[in-house]
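S.K.: Dumping the structure here so I can ask a few things about it.
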Amino acid sequence: MKNLNSKKILVTGASGFIGSHVTELLLEAGARVTAFVRYTSSGQAGFLDEFKNDCPKRLKIIRGDIRNRDDVCRAAKGNDIIINLAAQIAIPYSYLAPDDFLDVNAGGFLNVYHAACEYKIKRVVQLSTSEVYGSAQYVPIDEKHPIVAQSPYSASKISADKLAESFFRSFAFPVVTARPFNTYGPRQSARAVIPTIILQALTKKTIKLGNIDTRRDMNFVLDTASALIKIALSSKGTGGVYNLCTGIDISIGEIVAIVEDIMGKKLTIKTERKRVRPKKSEVTRLMGDGSLADRTFRLKKRTDIRKGLKQTIVYFEKRIKTLNKEDYQL
């Protein structure tokens, strides 16, 4: 990545899975980063705590709430670019608390919009999700695929996407919507499917999962983070929506088989009803067409799923004792 000494970039959701990797890559390239993280009474900054002391002069941590416009404006001041990764993401929880998802995902982007306008931000990258497509009506899924809200989570992200589109069309707002397909890798929540598979496999021979026939386009987190940064630094694609994906889909059962092979361990899968999504809400297949983003932003070849899983296994193997078993064994 090129030297970014002159860049001042706000990353919202910077303490999370994707956000921490984006922040770390930006700092390694010399950027000055404002990391906006959700306030907690403990004062902890999530994964940023692992590397925040490496470059204290170039990392500014601001604690607040994406739902509070004053907090977002305070974080945006003095920056040139905003990468908005703050989101409520747990799909199963969205069935229980849809209002929270709408407030964070759509209302949060609305606050980013107002802050960007107030401080004349030059470019905003808004993080979407492949879940907005629903189950594939054709594959590979390109950006023209119909939008279908199959969960309250996807509905909240569709709302944010459409707000971004409307602000660009109405006011030439300098926003780009990046739509990554399923991202996995180090630092992901233990509740996500790949960490759940890995962590259960590290501790026992029988693993409990939901539907193992669903197919996903799995993207290694460093590929996703690098792509977001390239989009943020580019002058191209304003107002557009861009898929970030490998163009290859794989079933949950096939992922288990690769993990088995890497670990050299035979695993038995037990399907648990409580892990299965409501029937009409389950997205059965996601496989993307990322050619538009690849051409526009000159994105590089993606990490092979086996290589990415190896790195992810190593990460969780080192940290398994620090994790709550209830998060992945339920």
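In the structure tokens, chains take the letters A, B, ... in the order shown, each chain's residues start at 1, and ligands count up from 1 in the order shown.
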Fewer than 6 positions away in the same chain doesn't count, so skip those; otherwise give me all residues within 6 Å of Asn182 of chain A, counting only C-alpha atoms, as a PDB file with N, CA, C and O atoms, in the first residue's frame.
M.R.:
```
ATOM      1  N   ASP A 217     -20.096 -16.902  -0.384  1.00  0.00           N
ATOM      2  CA  ASP A 217     -18.880 -16.414  -1.037  1.00  0.00           C
ATOM      3  C   ASP A 217     -18.010 -15.847   0.087  1.00  0.00           C
ATOM      4  O   ASP A 217     -18.239 -14.745   0.584  1.00  0.00           O
ATOM      5  N   MET A 218     -17.001 -16.623   0.515  1.00  0.00           N
ATOM      6  CA  MET A 218     -16.232 -16.292   1.707  1.00  0.00           C
ATOM      7  C   MET A 218     -14.988 -15.470   1.361  1.00  0.00           C
ATOM      8  O   MET A 218     -14.189 -15.866   0.514  1.00  0.00           O
ATOM      9  N   ASN A 219     -14.828 -14.346   2.037  1.00  0.00           N
ATOM     10  CA  ASN A 219     -13.735 -13.413   1.764  1.00  0.00           C
ATOM     11  C   ASN A 219     -12.857 -13.222   2.991  1.00  0.00           C
ATOM     12  O   ASN A 219     -13.363 -12.912   4.083  1.00  0.00           O
TER      13      ASN A 219
END
```
S.K.: Could you please write out, as a PyMOL selection string, every residue of segment 118-299 of chain A that DSSP assigns to strand (DSSP E)?
M.R.: chain A and resi 123-127+175-180+183-184+206-209+215-216+219-220+241-244+250-251+268-271
S.K.: Grab the atom CA of His21 of chain A to atom CA of Ile61 of chain A distance for me, in Å with one decimal place.
M.R.: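 Atom-to-atom, atom CA of His21 of chain A and atom CA of Ile61 of chain A are spaced 15.0 Å apart.
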S.K.: Which residues, written as a list in words, have at least one atom at most 10 Å from segment 77-81 of chain A, with only C-alpha atoms counted and residues fewer than 4 positions away on the same chain left out?
M.R.: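 Those residues are Ser6, Lys7, Lys8, Ile9, Leu10, Val11, Arg32, Val33, Thr34, Val72, Cys73, Ala115, Ala116, Glu118, Tyr119, Lys120, Ile121, Lys122, Arg123, Val124, Val125, Pro174, Ala232 and Leu233 of chain A.
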S.K.: If we count only C-alpha atoms, what is near segment 88-97 of chain A at a cut-off of 7 Å, once residues fewer than 4 positions away on the same chain are taken out, given as a ChimeraX atom specification?
M.R.: /A:101,104-105,152-153
S.K.: Would you pick out the contacts of Tyr184 of chain A at 10 Å or less, using only C-alpha atoms, so that residues sharing its chain but fewer than 2 positions from it are not included, and give the list as a ChimeraX atom specification?
M.R.: /A:17-18,181-182,186-189,192-195,218-222,224,305,308-309,312
S.K.: Would you save the residues from that selection as a compact mmCIF listing (two decimals), in the first residue's frame, using C-alpha atoms?
M.R.:
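Full text of again16.txt as output:
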```
# COMPACT_ATOMS: atom_id res chain seq x y z
CA PHE A 17 -13.61 -7.25 13.33
CA ILE A 18 -13.23 -5.52 9.95
CA PHE A 181 -19.87 -10.84 0.74
CA ASN A 182 -19.21 -12.97 3.82
CA PRO A 186 -8.76 -13.42 12.70
CA ARG A 187 -10.70 -11.29 15.21
CA GLN A 188 -14.13 -12.39 14.00
CA SER A 189 -16.80 -12.99 16.64
CA ALA A 192 -19.92 -16.38 13.49
CA VAL A 193 -20.09 -19.65 11.58
CA ILE A 194 -16.42 -20.17 10.68
CA PRO A 195 -15.07 -19.37 14.18
CA MET A 218 -16.23 -16.29 1.71
CA ASN A 219 -13.73 -13.41 1.76
CA PHE A 220 -10.63 -13.23 3.94
CA VAL A 221 -10.74 -10.16 6.17
CA LEU A 222 -7.45 -8.63 4.98
CA THR A 224 -11.92 -6.93 2.46
CA ILE A 305 -10.11 -20.25 1.23
CA GLY A 308 -7.37 -18.10 4.89
CA LEU A 309 -8.78 -20.89 7.05
CA THR A 312 -7.87 -18.24 11.08
```
S.K.: Just checking: using only C-alpha atoms, which residue out of A:Ala190, A:Ile147, A:Ile262, A:Leu110 ends up closest to Ser166 of chain A?
M.R.: A:Leu110
S.K.: Rounded to one decimal in Å, what is the spacing between atom CA of Gly16 of chain A and atom CA of Lys157 of chain A?
M.R.: 17.5 Å
S.K.: List as a list in words the protein and nucleic acid residues near Ala35 of chain A, meaning an atom at most 8 Å away when only C-alpha atoms are counted, but skip any in the same chain fewer than 5 places from it.
M.R.: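 Near neighbours after the sequence-gap exclusion: Leu10, Val11, Thr12, Gly13, Ala14, Ser15, Thr23, Leu59, Lys60, Ile61 and Ile62 of chain A.
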S.K.: Have a look at atom CA of Arg215 of chain A and atom CA of Asp304 of chain A and let me know their distance in Å, one decimal.
M.R.: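 One can read the atom CA of Arg215 of chain A to atom CA of Asp304 of chain A distance as 16.3 Å.
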S.K.: Show which residues sit within 12 Å of Gly288 of chain A, as a ChimeraX atom specification. Count only C-alpha atoms, and ignore same-chain residues fewer than 6 positions away.
M.R.: /A:129-131,133,135-145,179-182,215-219,242-250
S.K.: With distances taken over only C-alpha atoms, which of A:Ala164, A:Val241, A:Val132, A:Met263 is nearest to Ser151 of chain A?
M.R.: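 Selected residue with least distance to Ser151 of chain A: A:Val132.
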S.K.: DSSP on the backbone: which residues in segment 41-283 of chain A end up as helix (DSSP H, G or I)? Give the answer as a PyMOL selection string.
M.R.: chain A and resi 46-50+52-54+69-76+91-94+98-118+130-133+152-171+193-203+221-233+252-263+273-275+279-281
S.K.: Nearest to Phe47 of chain A among A:Asn324, A:Ser20, A:Glu272, A:Ala29, with distances taken over only C-alpha atoms: which residue is it?
M.R.: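 Of A:Asn324, A:Ser20, A:Glu272, A:Ala29, the one nearest Phe47 of chain A is A:Ser20, counting only C-alpha atoms.
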S.K.: Nearest residue to Asn5 of chain A out of A:Gly185, A:Gly290, A:Gly30, A:Gly64, using only C-alpha atoms?
M.R.: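 The answer is A:Gly30, which sits nearest to Asn5 of chain A.
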